[in-house]
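Take a look at the structure below.
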Amino acid sequence: MVKITINGETFSFDNDRYPLPEAIDLEEKLKIPFAAWKTGLYTGSAKSLAGFAYLVLKRNGRDVPLEDILSGAYDLAWEDVNGEQEGGEDPTGPPSPEGDGSTSEPSPSGSASGRGSGSTSRSRK
């Protein structure tokens with residue numbers, strides 16, 4: 001469980017379970033596949049964040065249509081949505097896509113740096 005704060009109000013959210021009807025609802029309303037929505041949370045998609053806020057509010061009994069979040073009828077900015085693990089101090093933000101938990105991306109095959117080289121720049125082609 002995570003604690004999500006939206007517009008100053010804190011909600012509990014089960015970040016580990018997404019029932020199919022909920023996933024289908026998001027797909028239909030956002031017009032993107034559920035996996036793309038989850039990836040969008042990791043990559044900083046505003047549309048994915050709007051869908052996330054919608055789910056948090058909906059699961060906590062708030063009747064805020066996703067269309068109102070997307071259109072601006074429900075006033076929400078990127079900075080208005082924050083999260084942290086329940087019982088923890090580390091902010092986690094929206095959920096990451098499933099995987100090994102790593103936040104680093106592999107280096108491109110043409111990378112100029114190698115393990116232990118000390119270089120952090122990438123080569124340009």
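Numbering starts fresh at 1 for the residues of each chain in the structure tokens, the chains themselves are lettered A, B, ... in the order given, and ligands are numbered from 1 as they appear.
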Quiz prompt | Residue list (alpha helix (DSSP H), DSSP) for segment 9-89 of chain A, as a PyMOL selection string | solution = chain A and resi 20-30+34-43+46-59+66-71
For those residues, write C-alpha atoms to a file as an mmCIF file, in the first residue's frame.
data_model
loop_
_atom_site.group_PDB
_atom_site.id
_atom_site.type_symbol
_atom_site.label_atom_id
_atom_site.label_comp_id
_atom_site.auth_asym_id
_atom_site.auth_seq_id
_atom_site.Cartn_x
_atom_site.Cartn_y
_atom_site.Cartn_z
ATOM 1 C CA LEU A 20 -9.488 -6.188 -14.998
ATOM 2 C CA PRO A 21 -12.648 -4.028 -15.054
ATOM 3 C CA GLU A 22 -10.567 -1.135 -13.744
ATOM 4 C CA ALA A 23 -7.826 -1.735 -16.349
ATOM 5 C CA ILE A 24 -10.404 -1.954 -19.154
ATOM 6 C CA ASP A 25 -12.069 1.244 -17.923
ATOM 7 C CA LEU A 26 -8.715 3.054 -18.120
ATOM 8 C CA GLU A 27 -7.963 1.646 -21.579
ATOM 9 C CA GLU A 28 -11.310 2.792 -22.929
ATOM 10 C CA LYS A 29 -11.214 6.240 -21.344
ATOM 11 C CA LEU A 30 -7.548 7.014 -22.058
ATOM 12 C CA PHE A 34 -3.141 -0.697 -19.866
ATOM 13 C CA ALA A 35 0.553 -1.614 -20.185
ATOM 14 C CA ALA A 36 1.193 1.723 -21.931
ATOM 15 C CA TRP A 37 -0.588 3.472 -19.064
ATOM 16 C CA LYS A 38 1.665 1.770 -16.498
ATOM 17 C CA THR A 39 4.764 2.545 -18.560
ATOM 18 C CA GLY A 40 3.578 6.128 -18.915
ATOM 19 C CA LEU A 41 3.586 6.514 -15.141
ATOM 20 C CA TYR A 42 7.260 5.544 -15.137
ATOM 21 C CA THR A 43 8.187 7.780 -18.065
ATOM 22 C CA ALA A 46 0.606 13.459 -17.956
ATOM 23 C CA LYS A 47 -2.232 11.348 -19.403
ATOM 24 C CA SER A 48 -1.078 8.384 -17.297
ATOM 25 C CA LEU A 49 -0.874 10.577 -14.195
ATOM 26 C CA ALA A 50 -4.447 11.759 -14.844
ATOM 27 C CA GLY A 51 -5.552 8.116 -15.049
ATOM 28 C CA PHE A 52 -3.697 7.328 -11.831
ATOM 29 C CA ALA A 53 -5.337 10.223 -9.978
ATOM 30 C CA TYR A 54 -8.708 9.042 -11.309
ATOM 31 C CA LEU A 55 -8.111 5.519 -9.949
ATOM 32 C CA VAL A 56 -6.961 6.759 -6.544
ATOM 33 C CA LEU A 57 -10.011 8.989 -6.207
ATOM 34 C CA LYS A 58 -12.406 6.316 -7.513
ATOM 35 C CA ARG A 59 -11.083 3.610 -5.171
ATOM 36 C CA LEU A 66 -11.677 11.065 -15.687
ATOM 37 C CA GLU A 67 -12.951 13.440 -18.360
ATOM 38 C CA ASP A 68 -13.037 16.213 -15.729
ATOM 39 C CA ILE A 69 -9.390 15.562 -14.836
ATOM 40 C CA LEU A 70 -8.345 15.471 -18.503
ATOM 41 C CA SER A 71 -10.298 18.629 -19.408
#
Quiz item: So which residues touch Ile6 of chain A within 12 Å, counting only C-alpha atoms, skipping near sequence neighbours fewer than 2 positions away, as number ranges by chain?
Solution: A: 3-4, 8-13, 49-50, 52-57, 60, 62, 69, 74-83, 93-94
